[in-house]
Amino acid sequence: MAIRERLSGNEAVSIAMKQINPDVVAAYPITPSTEVPQYFSNYAANGEVDTEFVPVESEHSAMSACIGAQAAGGRAMTATSSQGLALMWEMLYIASSYRLPITMATINRTLSGPINIHCDHSDSMGARDSGWIQIYSENSQEAYDNFIQAVRIAEHPDVMLPVMDCFDGFITSHKVENLNLIEDDEVKKFVGKYNPPYHLMDKNKPMSMGPLSLPMYYFESKRQQAETMRGSIKAILEVAADFEKLTGRKYGLFEEYKMQDAETAIVIINSTAGTAKDCVDQLREKGVKAGLVKIRVFRPFPVTQIVSALSKCKAVAVMDRADSCNGAGGPLFTDVTSAMYGRADGIKVVNYIYGLGGRDVKIDDIHSVYNDLQEIVKTGTVKEVYNYLGVREG
Amino acid sequence: MAYNLKEWATRPERLTGGHRLCAGCGATPVVRTVLRALKPEDHAVVSSATCCLEVSSFLYPYTAWKDSFIHSAFENVAATISGVEAVYKAKLRKGENVNATKFIAFAGDGGTYDIGLQALSGAMERGHDMMYVCYDNGAYMNTGIQRSGASPKYSDTSTTPAGKTIPGKVQHSKNLTQIIMGHNIPYVAQTMPLKNFKDLSEKAEKGIYTPGAAFLNVLAPCPRGWRYDTALLMEMCELALETCVWPIYEIIEGKLTLNYIPKEKKPIEEYLKPQGRFSHMFKPGNEWMIEDVQSRVDREWEKLLNMNEMK
């Protein structure tokens, strides 16, 4: 039986953590993710979980403690945002290369400087090549559902990689929405027990972890890690299929919204997809063949699947809520265009950087993007590939 | 049971030979002695910061550690072992069947006094049931003898070279043992390998088996960085003791006890002279440097005598 609730994204993810009842939660406060360890410490204080809550003195130590905990055969979780994720950066790579299936809620907030507590994706995009599976969530329901699935994906024997569930700071983390929760015992049954074949606590099979690995061996281990990331798509879809059986809610690598016959489309991540879907609906009423692709799984990047979703479009706008400052475009744009190169040549693809530092994105802004796309279709020419949306010029 | 070297020496070796630490390295006897303090039936999870010990004891695909071992990075050994210990607590709470396990962290002075100080302070304050052992050789030996917060004043290191205008490191070392004393944890001690290893052995045993956080600061001479004759490890420790450069003491429940008070304190020159890193201090005209170090040692020793519960 599903439980109808009204919760913020942070509350929903905290409840998922409570239902999973992990061995260790190690976390440090940072806006806007702070509420997650706050709610969770209440569960620990009231004996609603068996978890050892470790209130560490930094995010670097939060990830380090999660690494120690997961290596010790425990299930470890944390939550962070922005500078916190940046401070973890060194340890993110170590967690993934040690093949430790840690689960983290990444509540997207812009990176300093200047300091700004509001939403953009510069934090998690900065960690996109750290070897973590990255799943993005449009709203509280998805944040909750993806967090539960993340545990299963991470611990899948063919995967054994850490997973972050990313959702928008304040917009999703603090906004209260209706959602369906799963019964506690159903969640526990879905995630199962974590029983790694080797861990530090096993006296009969002592193990050493974290060697110095010189040129003779390092390269092979990185190759194996990269292959595992690539192959994890299968496990991600397998877990999604089981989740659908349990809840009826369907998840894929990305969501296709009115893409069947779409001539123009935008590719987007997280909460702005909601606004953009409204825009698509309005355009459809006017007979405009507009569609939308919302990325759920960004790492591994679903290369061929994205190409086939976009292959019938005439013009595509890739929306990035993070700028790479690289002269080439935002991170999602460069990934989408390199996926399409040689696989779907001839489709015009442009990039819009939007919403940095929490700048509001309105339905009119999205309309202007579709207008630009229609203009490109009509004229066959692209004026500017690398664009900014909703920024004051001059 | 009273300490007996013969009995301790027959306990199983928990760090095997064949590791790649230098001949005469002070870290090796420190680690081996600390691990001998474990009850043979107890499992241990050992963690090390990135340091000489780590890169020399665990080169893929070989490990010298017979217990479980984890290394993750340089500045976070205290946080890493905190996570391991937290799982132990959670498993016990869940009523799962787990072996009796002890948690020991090792790091050099760079990983402890400097880059690892925050994680160490956090773990001590949170009171994890663990023992942190700093093997202090007074510089970043692993990266090639750069100065650290533990390097003694005037030491010639690769980032504080004794030059024509700057005579080596210009600052004194910080007193880490007393920084940790300020954390009010159940057990803090300062020690080193001495004579029959009694002091180090007993302190390791107390640290491991005292519930809560424990900290050992252990002087571990480095023949490469200090530039003394490789064979003289034990003599260097003896000199550090007799000159009061590295007093041995412990702090239990906030009470400090000096474990050795020399009848007559030896002059600091006896400790400095055999070490190449201090050779410039013995050049004519540099006597003031020796006087400066002597007065610092005297001051610190006086402070300790005043704090000593046994006086």
# chains A, B, ... in the order shown; residues from 1 in each chain; ligands from 1

$ closest_atom_pairs --of "chain B" --to "chain A" --cutoff "6 Å" --atoms "only C-alpha atoms" --output "Markdown table"
| residue | atom | partner | partner_atom | distance |
| --- | --- | --- | --- | --- |
| B:His43 | CA | A:Lys203 | CA | 5.7 |
| B:Val55 | CA | A:Leu212 | CA | 5.6 |
| B:Phe58 | CA | A:Pro211 | CA | 5.2 |
| B:Leu59 | CA | A:Leu212 | CA | 4.8 |
| B:Tyr60 | CA | A:Ser213 | CA | 5.2 |
| B:Asp67 | CA | A:Pro206 | CA | 5.6 |
| B:Ser68 | CA | A:Pro206 | CA | 4.6 |
| B:Phe69 | CA | A:Ser208 | CA | 4.5 |
| B:Ile70 | CA | A:Met209 | CA | 4.7 |
| B:His71 | CA | A:Gly210 | CA | 4.9 |
| B:Ser72 | CA | A:Gly210 | CA | 5.8 |
| B:Ala79 | CA | A:Ala65 | CA | 5.1 |
| B:Thr80 | CA | A:Ala65 | CA | 4.6 |
| B:Ile81 | CA | A:Gly68 | CA | 5.9 |
| B:Ser82 | CA | A:Ala65 | CA | 5.9 |
| B:Gly83 | CA | A:Ala65 | CA | 3.9 |
| B:Val84 | CA | A:Ala69 | CA | 4.5 |
| B:Ala86 | CA | A:Glu52 | CA | 5.8 |
| B:Val87 | CA | A:Ala69 | CA | 5.6 |
| B:Ala90 | CA | A:Glu52 | CA | 5.4 |
| B:Gly122 | CA | A:Glu57 | CA | 5.5 |

$ write_last_selection --atoms "N, CA and C atoms" --output "CSV table (one decimal), in the first residue's frame"
chain,number,residue,atom,x,y,z
B,43,HIS,N,40.8,-9.2,16.4
B,43,HIS,CA,40.9,-8.8,15.0
B,43,HIS,C,41.2,-7.3,15.1
B,55,VAL,N,53.1,3.6,1.7
B,55,VAL,CA,53.6,3.2,0.3
B,55,VAL,C,54.6,2.1,0.3
B,58,PHE,N,52.3,-1.6,1.4
B,58,PHE,CA,51.1,-2.1,0.6
B,58,PHE,C,51.3,-1.7,-0.8
B,59,LEU,N,52.1,-2.4,-1.6
B,59,LEU,CA,52.3,-2.1,-3.0
B,59,LEU,C,51.6,-3.2,-3.7
B,60,TYR,N,50.6,-2.8,-4.5
B,60,TYR,CA,49.8,-3.9,-5.2
B,60,TYR,C,50.7,-4.7,-6.0
B,67,ASP,N,46.5,-8.1,9.5
B,67,ASP,CA,45.2,-7.7,9.9
B,67,ASP,C,44.5,-7.0,8.7
B,68,SER,N,43.3,-6.6,8.8
B,68,SER,CA,42.7,-5.8,7.8
B,68,SER,C,43.2,-4.4,7.8
B,69,PHE,N,43.4,-3.9,6.6
B,69,PHE,CA,44.1,-2.6,6.4
B,69,PHE,C,43.4,-1.8,5.4
B,70,ILE,N,43.3,-0.5,5.7
B,70,ILE,CA,42.7,0.5,4.7
B,70,ILE,C,43.5,1.8,4.7
B,71,HIS,N,43.9,2.2,3.5
B,71,HIS,CA,44.4,3.5,3.2
B,71,HIS,C,43.5,4.2,2.3
B,72,SER,N,43.2,5.5,2.5
B,72,SER,CA,42.4,6.2,1.5
B,72,SER,C,43.1,7.4,1.0
B,79,ALA,N,39.4,10.1,10.0
B,79,ALA,CA,38.0,10.1,9.6
B,79,ALA,C,37.7,8.7,9.0
B,80,THR,N,38.6,8.1,8.2
B,80,THR,CA,38.4,6.8,7.6
B,80,THR,C,38.2,5.8,8.7
B,81,ILE,N,39.0,5.7,9.7
B,81,ILE,CA,38.9,4.7,10.7
B,81,ILE,C,37.6,5.0,11.6
B,82,SER,N,37.2,6.3,11.7
B,82,SER,CA,36.0,6.6,12.3
B,82,SER,C,34.8,5.9,11.7
B,83,GLY,N,34.8,5.8,10.3
B,83,GLY,CA,33.7,5.2,9.6
B,83,GLY,C,33.7,3.7,9.8
B,84,VAL,N,34.9,3.1,9.9
B,84,VAL,CA,35.0,1.7,10.1
B,84,VAL,C,34.5,1.3,11.5
B,86,ALA,N,32.4,3.1,13.3
B,86,ALA,CA,31.0,3.3,13.3
B,86,ALA,C,30.2,2.1,12.8
B,87,VAL,N,30.7,1.4,11.8
B,87,VAL,CA,30.0,0.2,11.4
B,87,VAL,C,30.0,-0.9,12.5
B,90,ALA,N,27.3,-0.1,14.8
B,90,ALA,CA,26.0,-0.3,14.2
B,90,ALA,C,25.7,-1.8,14.2
B,122,GLY,N,38.6,16.1,15.0
B,122,GLY,CA,37.2,15.7,14.9
B,122,GLY,C,37.0,14.3,15.5

$ residues_around --residues "Ile3 (chain A)" --least-positions-apart "2" --cutoff "9 Å" --atoms "only C-alpha atoms" --output "list of chain:residue names"
A:Met1, A:Glu5, A:Leu179, A:Asn180, A:Leu181, A:Ile182, A:Glu183

$ closest_atom_pairs --of "region 113-178 of chain A" --to "region 269-284 of chain A" --cutoff "8 Å" --atoms "only C-alpha atoms" --output "Markdown table"
| residue | atom | partner | partner_atom | distance |
| --- | --- | --- | --- | --- |
| A:Tyr136 | CA | A:Asn270 | CA | 6.0 |
| A:Ser137 | CA | A:Asn270 | CA | 5.4 |
| A:Glu138 | CA | A:Asn270 | CA | 4.1 |
| A:Asn139 | CA | A:Ser271 | CA | 6.2 |
| A:Phe167 | CA | A:Asn270 | CA | 6.3 |
| A:Asp168 | CA | A:Ser271 | CA | 6.4 |
| A:Ile171 | CA | A:Ser271 | CA | 7.2 |
| A:Thr172 | CA | A:Ser271 | CA | 7.0 |

$ residues_around --residues "Lys255 (chain B)" --least-positions-apart "5" --cutoff "12 Å" --atoms "only C-alpha atoms" --output "PyMOL selection string"
chain B and resi 178+181-182+184-189+249-250+304+306-310

$ residues_around --residues "Cys22 (chain B)" --least-positions-apart "3" --cutoff "10 Å" --atoms "only C-alpha atoms" --output "number ranges by chain"
B: 19, 25-28, 52-53, 56, 222-224, 230

$ write_last_selection --atoms "C-alpha atoms" --output "tab-separated table (two decimals), in the first residue's frame"
chain	number	residue	atom	x	y	z
B	19	HIS	CA	57.98	-4.53	3.17
B	25	CYS	CA	63.55	3.27	9.79
B	26	GLY	CA	62.01	4.19	13.12
B	27	ALA	CA	58.45	3.63	11.93
B	28	THR	CA	58.80	-0.15	11.54
B	52	CYS	CA	56.28	6.19	3.98
B	53	LEU	CA	54.62	3.42	5.98
B	56	SER	CA	56.18	0.78	1.59
B	222	CYS	CA	64.57	8.69	10.27
B	223	PRO	CA	68.18	8.07	9.33
B	224	ARG	CA	67.67	9.53	5.84
B	230	THR	CA	71.54	4.01	10.19

$ residues_around --residues "region 162-164 of chain A" --least-positions-apart "6" --cutoff "10 Å" --atoms "only C-alpha atoms" --output "short mmCIF file (atom, residue, chain, number, x, y, z; two decimals) with all heavy atoms, in the first residue's frame"
data_model
loop_
_atom_site.label_atom_id
_atom_site.label_comp_id
_atom_site.auth_asym_id
_atom_site.auth_seq_id
_atom_site.Cartn_x
_atom_site.Cartn_y
_atom_site.Cartn_z
N MET A 77 25.88 6.24 3.95
CA MET A 77 25.19 7.28 3.18
C MET A 77 25.58 8.66 3.66
O MET A 77 25.99 8.83 4.81
CB MET A 77 23.68 7.13 3.34
CG MET A 77 23.18 5.82 2.80
SD MET A 77 21.41 5.63 3.02
CE MET A 77 21.21 4.15 2.04
N THR A 78 25.38 9.64 2.80
CA THR A 78 25.58 11.02 3.20
C THR A 78 24.76 11.93 2.28
O THR A 78 24.13 11.47 1.33
CB THR A 78 27.08 11.40 3.20
OG1 THR A 78 27.24 12.70 3.77
CG2 THR A 78 27.68 11.39 1.80
N ALA A 79 24.79 13.21 2.60
CA ALA A 79 24.12 14.20 1.76
C ALA A 79 24.98 15.46 1.79
O ALA A 79 25.60 15.78 2.81
CB ALA A 79 22.73 14.52 2.32
N LEU A 92 35.79 11.51 -3.59
CA LEU A 92 34.82 10.93 -4.53
C LEU A 92 35.52 9.93 -5.45
O LEU A 92 35.03 8.82 -5.70
CB LEU A 92 34.18 12.02 -5.39
CG LEU A 92 33.30 13.05 -4.68
CD1 LEU A 92 32.81 14.08 -5.69
CD2 LEU A 92 32.12 12.39 -3.97
N TYR A 93 36.69 10.34 -5.94
CA TYR A 93 37.45 9.47 -6.85
C TYR A 93 37.93 8.20 -6.13
O TYR A 93 37.99 7.13 -6.73
CB TYR A 93 38.67 10.23 -7.40
CG TYR A 93 38.32 11.18 -8.52
CD1 TYR A 93 37.68 12.39 -8.26
CD2 TYR A 93 38.62 10.87 -9.84
CE1 TYR A 93 37.36 13.27 -9.28
CE2 TYR A 93 38.31 11.74 -10.87
CZ TYR A 93 37.67 12.93 -10.59
OH TYR A 93 37.34 13.79 -11.60
N ALA A 95 36.45 6.80 -3.47
CA ALA A 95 35.27 5.95 -3.23
C ALA A 95 34.94 5.10 -4.46
O ALA A 95 34.70 3.90 -4.37
CB ALA A 95 34.08 6.81 -2.85
N SER A 96 34.96 5.73 -5.63
CA SER A 96 34.57 4.98 -6.84
C SER A 96 35.66 4.01 -7.27
O SER A 96 35.37 2.91 -7.70
CB SER A 96 34.21 5.94 -7.97
OG SER A 96 35.32 6.75 -8.31
N SER A 97 36.92 4.41 -7.12
CA SER A 97 37.97 3.49 -7.56
C SER A 97 38.13 2.32 -6.60
O SER A 97 38.62 1.27 -7.00
CB SER A 97 39.30 4.23 -7.76
OG SER A 97 39.77 4.71 -6.53
N TYR A 98 37.69 2.47 -5.35
CA TYR A 98 37.71 1.34 -4.42
C TYR A 98 36.45 0.48 -4.60
O TYR A 98 36.24 -0.47 -3.86
CB TYR A 98 37.78 1.81 -2.96
CG TYR A 98 39.12 2.38 -2.52
CD1 TYR A 98 40.11 2.72 -3.44
CD2 TYR A 98 39.40 2.60 -1.19
CE1 TYR A 98 41.32 3.26 -3.03
CE2 TYR A 98 40.60 3.13 -0.76
CZ TYR A 98 41.56 3.47 -1.68
OH TYR A 98 42.75 4.01 -1.26
N ARG A 99 35.59 0.91 -5.52
CA ARG A 99 34.35 0.18 -5.84
C ARG A 99 33.46 0.03 -4.61
O ARG A 99 32.94 -1.05 -4.31
CB ARG A 99 34.70 -1.18 -6.44
CG ARG A 99 35.68 -1.10 -7.63
CD ARG A 99 35.08 -0.39 -8.83
NE ARG A 99 33.97 -1.14 -9.36
CZ ARG A 99 34.08 -2.14 -10.22
NH1 ARG A 99 35.27 -2.47 -10.71
NH2 ARG A 99 33.03 -2.78 -10.65
N LEU A 100 33.24 1.16 -3.93
CA LEU A 100 32.42 1.17 -2.72
C LEU A 100 31.05 1.76 -3.03
O LEU A 100 30.95 2.94 -3.39
CB LEU A 100 33.12 1.99 -1.63
CG LEU A 100 34.46 1.39 -1.16
CD1 LEU A 100 35.20 2.35 -0.25
CD2 LEU A 100 34.25 0.06 -0.45
N PRO A 101 30.00 0.96 -2.89
CA PRO A 101 28.66 1.42 -3.29
C PRO A 101 28.00 2.35 -2.27
O PRO A 101 26.95 2.04 -1.70
CB PRO A 101 27.89 0.10 -3.45
CG PRO A 101 28.57 -0.86 -2.55
CD PRO A 101 30.02 -0.46 -2.50
N ILE A 102 28.57 3.50 -2.08
CA ILE A 102 28.03 4.51 -1.16
C ILE A 102 26.87 5.23 -1.87
O ILE A 102 26.91 5.41 -3.08
CB ILE A 102 29.15 5.51 -0.79
CG1 ILE A 102 30.29 4.78 -0.06
CG2 ILE A 102 28.63 6.69 0.02
CD1 ILE A 102 31.61 5.53 -0.05
N THR A 103 25.87 5.65 -1.10
CA THR A 103 24.77 6.41 -1.70
C THR A 103 24.78 7.82 -1.13
O THR A 103 24.90 8.01 0.09
CB THR A 103 23.41 5.75 -1.37
OG1 THR A 103 23.52 4.35 -1.64
CG2 THR A 103 22.29 6.34 -2.20
N MET A 104 24.64 8.80 -2.00
CA MET A 104 24.69 10.20 -1.55
C MET A 104 23.56 10.99 -2.20
O MET A 104 23.31 10.88 -3.40
CB MET A 104 26.03 10.82 -1.94
CG MET A 104 26.10 12.33 -1.74
SD MET A 104 27.76 12.96 -1.57
CE MET A 104 28.47 12.62 -3.16
N ALA A 105 22.91 11.82 -1.38
CA ALA A 105 21.97 12.80 -1.92
C ALA A 105 22.76 14.07 -2.18
O ALA A 105 23.39 14.61 -1.27
CB ALA A 105 20.85 13.06 -0.92
N THR A 106 22.79 14.49 -3.44
CA THR A 106 23.47 15.73 -3.80
C THR A 106 22.41 16.77 -4.10
O THR A 106 21.70 16.66 -5.10
CB THR A 106 24.38 15.50 -5.03
OG1 THR A 106 25.31 14.46 -4.72
CG2 THR A 106 25.16 16.77 -5.38
N ILE A 107 22.28 17.73 -3.22
CA ILE A 107 21.24 18.74 -3.37
C ILE A 107 21.89 19.93 -4.06
O ILE A 107 22.67 20.68 -3.46
CB ILE A 107 20.60 19.07 -2.00
CG1 ILE A 107 19.80 17.85 -1.52
CG2 ILE A 107 19.65 20.25 -2.12
CD1 ILE A 107 20.38 17.01 -0.51
N SER A 124 27.43 19.30 -8.89
CA SER A 124 27.48 17.89 -9.34
C SER A 124 28.12 17.75 -10.72
O SER A 124 28.74 16.73 -11.01
CB SER A 124 26.08 17.27 -9.32
OG SER A 124 25.21 17.95 -10.19
N SER A 130 33.95 11.77 -11.73
CA SER A 130 34.60 11.21 -10.53
C SER A 130 34.35 9.71 -10.38
O SER A 130 34.76 9.12 -9.39
CB SER A 130 34.10 11.94 -9.28
OG SER A 130 32.70 11.77 -9.14
N GLY A 131 33.67 9.13 -11.36
CA GLY A 131 33.43 7.68 -11.30
C GLY A 131 32.17 7.31 -10.54
O GLY A 131 31.93 6.14 -10.28
N TRP A 132 31.37 8.30 -10.16
CA TRP A 132 30.08 8.04 -9.51
C TRP A 132 28.99 7.96 -10.57
O TRP A 132 28.99 8.74 -11.53
CB TRP A 132 29.72 9.17 -8.55
CG TRP A 132 30.46 9.13 -7.25
CD1 TRP A 132 31.82 9.19 -7.10
CD2 TRP A 132 29.91 9.04 -5.94
NE1 TRP A 132 32.14 9.13 -5.76
CE2 TRP A 132 30.98 9.04 -5.03
CE3 TRP A 132 28.60 8.96 -5.45
CZ2 TRP A 132 30.79 8.96 -3.65
CZ3 TRP A 132 28.41 8.88 -4.07
CH2 TRP A 132 29.50 8.87 -3.18
N ILE A 133 28.06 7.06 -10.37
CA ILE A 133 26.85 7.07 -11.18
C ILE A 133 26.07 8.29 -10.73
O ILE A 133 25.95 8.54 -9.53
CB ILE A 133 26.06 5.76 -10.97
CG1 ILE A 133 26.82 4.60 -11.63
CG2 ILE A 133 24.63 5.90 -11.52
CD1 ILE A 133 26.23 3.23 -11.37
N GLN A 134 25.59 9.08 -11.70
CA GLN A 134 24.80 10.27 -11.34
C GLN A 134 23.38 10.12 -11.88
O GLN A 134 23.18 9.94 -13.08
CB GLN A 134 25.42 11.54 -11.94
CG GLN A 134 26.66 12.01 -11.21
CD GLN A 134 27.05 13.43 -11.61
OE1 GLN A 134 26.70 13.90 -12.69
NE2 GLN A 134 27.79 14.10 -10.75
N ILE A 135 22.43 10.22 -10.96
CA ILE A 135 21.01 10.18 -11.32
C ILE A 135 20.40 11.51 -10.91
O ILE A 135 20.70 12.02 -9.82
CB ILE A 135 20.31 9.00 -10.60
CG1 ILE A 135 20.96 7.68 -11.06
CG2 ILE A 135 18.81 9.01 -10.88
CD1 ILE A 135 20.37 6.45 -10.43
N TYR A 136 19.60 12.10 -11.79
CA TYR A 136 18.98 13.39 -11.51
C TYR A 136 17.47 13.24 -11.34
O TYR A 136 16.84 12.43 -12.01
CB TYR A 136 19.33 14.38 -12.64
CG TYR A 136 20.77 14.85 -12.56
CD1 TYR A 136 21.80 14.06 -13.08
CD2 TYR A 136 21.11 16.04 -11.92
CE1 TYR A 136 23.13 14.47 -12.99
CE2 TYR A 136 22.44 16.46 -11.83
CZ TYR A 136 23.43 15.67 -12.36
OH TYR A 136 24.75 16.07 -12.25
N ASN A 146 14.44 7.63 -6.67
CA ASN A 146 15.81 7.41 -7.16
C ASN A 146 16.78 7.07 -6.04
O ASN A 146 17.73 6.31 -6.23
CB ASN A 146 16.30 8.64 -7.93
CG ASN A 146 15.71 8.70 -9.33
OD1 ASN A 146 15.36 7.66 -9.91
ND2 ASN A 146 15.58 9.89 -9.88
N PHE A 147 16.54 7.64 -4.85
CA PHE A 147 17.44 7.32 -3.73
C PHE A 147 17.33 5.84 -3.37
O PHE A 147 18.34 5.18 -3.12
CB PHE A 147 17.11 8.20 -2.51
CG PHE A 147 18.23 8.22 -1.51
CD1 PHE A 147 19.29 9.10 -1.66
CD2 PHE A 147 18.24 7.33 -0.44
CE1 PHE A 147 20.35 9.10 -0.75
CE2 PHE A 147 19.29 7.33 0.48
CZ PHE A 147 20.34 8.21 0.32
N GLN A 149 16.30 3.41 -5.37
CA GLN A 149 16.88 2.63 -6.47
C GLN A 149 18.41 2.71 -6.46
O GLN A 149 19.10 1.76 -6.83
CB GLN A 149 16.34 3.13 -7.82
CG GLN A 149 14.87 2.81 -8.02
CD GLN A 149 14.37 3.31 -9.37
OE1 GLN A 149 14.78 2.81 -10.41
NE2 GLN A 149 13.51 4.31 -9.35
N ALA A 150 18.93 3.87 -6.03
CA ALA A 150 20.39 4.08 -6.04
C ALA A 150 21.11 3.02 -5.21
O ALA A 150 22.18 2.54 -5.60
CB ALA A 150 20.71 5.47 -5.50
N VAL A 151 20.51 2.63 -4.08
CA VAL A 151 21.15 1.63 -3.22
C VAL A 151 21.28 0.30 -3.96
O VAL A 151 22.35 -0.33 -3.96
CB VAL A 151 20.33 1.46 -1.91
CG1 VAL A 151 20.91 0.36 -1.04
CG2 VAL A 151 20.26 2.77 -1.16
N ARG A 152 20.20 -0.08 -4.63
CA ARG A 152 20.21 -1.35 -5.38
C ARG A 152 21.18 -1.30 -6.56
O ARG A 152 21.89 -2.27 -6.84
CB ARG A 152 18.80 -1.64 -5.90
CG ARG A 152 17.90 -2.41 -4.96
CD ARG A 152 18.10 -3.92 -5.07
NE ARG A 152 17.85 -4.45 -6.41
CZ ARG A 152 16.65 -4.79 -6.88
NH1 ARG A 152 15.58 -4.69 -6.11
NH2 ARG A 152 16.53 -5.25 -8.10
N ILE A 153 21.19 -0.16 -7.24
CA ILE A 153 22.10 -0.02 -8.40
C ILE A 153 23.55 -0.11 -7.94
O ILE A 153 24.35 -0.86 -8.48
CB ILE A 153 21.84 1.32 -9.13
CG1 ILE A 153 20.44 1.35 -9.74
CG2 ILE A 153 22.91 1.56 -10.20
CD1 ILE A 153 19.96 2.75 -10.15
N ALA A 154 23.86 0.68 -6.89
CA ALA A 154 25.23 0.75 -6.39
C ALA A 154 25.74 -0.63 -5.99
O ALA A 154 26.87 -1.02 -6.32
CB ALA A 154 25.30 1.71 -5.21
N GLU A 155 24.89 -1.37 -5.28
CA GLU A 155 25.33 -2.65 -4.71
C GLU A 155 25.15 -3.82 -5.67
O GLU A 155 25.49 -4.96 -5.33
CB GLU A 155 24.55 -2.93 -3.41
CG GLU A 155 24.85 -1.93 -2.31
CD GLU A 155 23.93 -2.08 -1.10
OE1 GLU A 155 23.13 -3.03 -1.06
OE2 GLU A 155 24.01 -1.23 -0.20
N ARG A 299 25.47 9.94 -15.64
CA ARG A 299 26.66 9.10 -15.62
C ARG A 299 26.23 7.71 -15.23
O ARG A 299 25.69 7.55 -14.14
CB ARG A 299 27.72 9.64 -14.64
CG ARG A 299 28.43 10.89 -15.15
CD ARG A 299 29.34 10.54 -16.34
NE ARG A 299 30.03 11.70 -16.87
CZ ARG A 299 29.57 12.50 -17.86
NH1 ARG A 299 28.40 12.26 -18.40
NH2 ARG A 299 30.28 13.50 -18.30
#

$ closest_residue --among "B:Gln275, B:Glu302, B:Asn217, B:Thr210" --to "Asp229 (chain B)" --atoms "only C-alpha atoms"
B:Gln275

$ residues_around --residues "Val349 (chain A)" --least-positions-apart "6" --cutoff "10 Å" --atoms "only C-alpha atoms" --output "list in words"
Thr264, Ala265, Ile266, Cys313, Lys314, Ala315, Val316, Ala317, Val318, Phe333, Val336, Thr337, Met340, Leu373, Ile376, Val382, Val385 and Tyr386 of chain A

$ select_by_dssp --residues "region 29-227 of chain B" --states "alpha helix (DSSP H)" --output "PyMOL selection string"
chain B and resi 29-36+52-57+77-93+117-126+176-181+198-209+223-226

$ atom_distance --atom1 "CA of Ile180 (chain B)" --atom2 "CA of Trp301 (chain B)"
18.0 Å

$ residues_around --residues "region 36-40 of chain B" --least-positions-apart "6" --cutoff "8 Å" --atoms "only C-alpha atoms" --output "PyMOL selection string"
chain B and resi 8+11-14+201-202+204-205+208

$ atom_distance --atom1 "CA of Asn178 (chain A)" --atom2 "CA of Leu7 (chain A)"
6.5 Å

$ closest_residue --among "B:Lys198, B:Arg147, B:Lys265, B:Lys153" --to "Glu291 (chain B)" --atoms "only C-alpha atoms"
B:Lys153
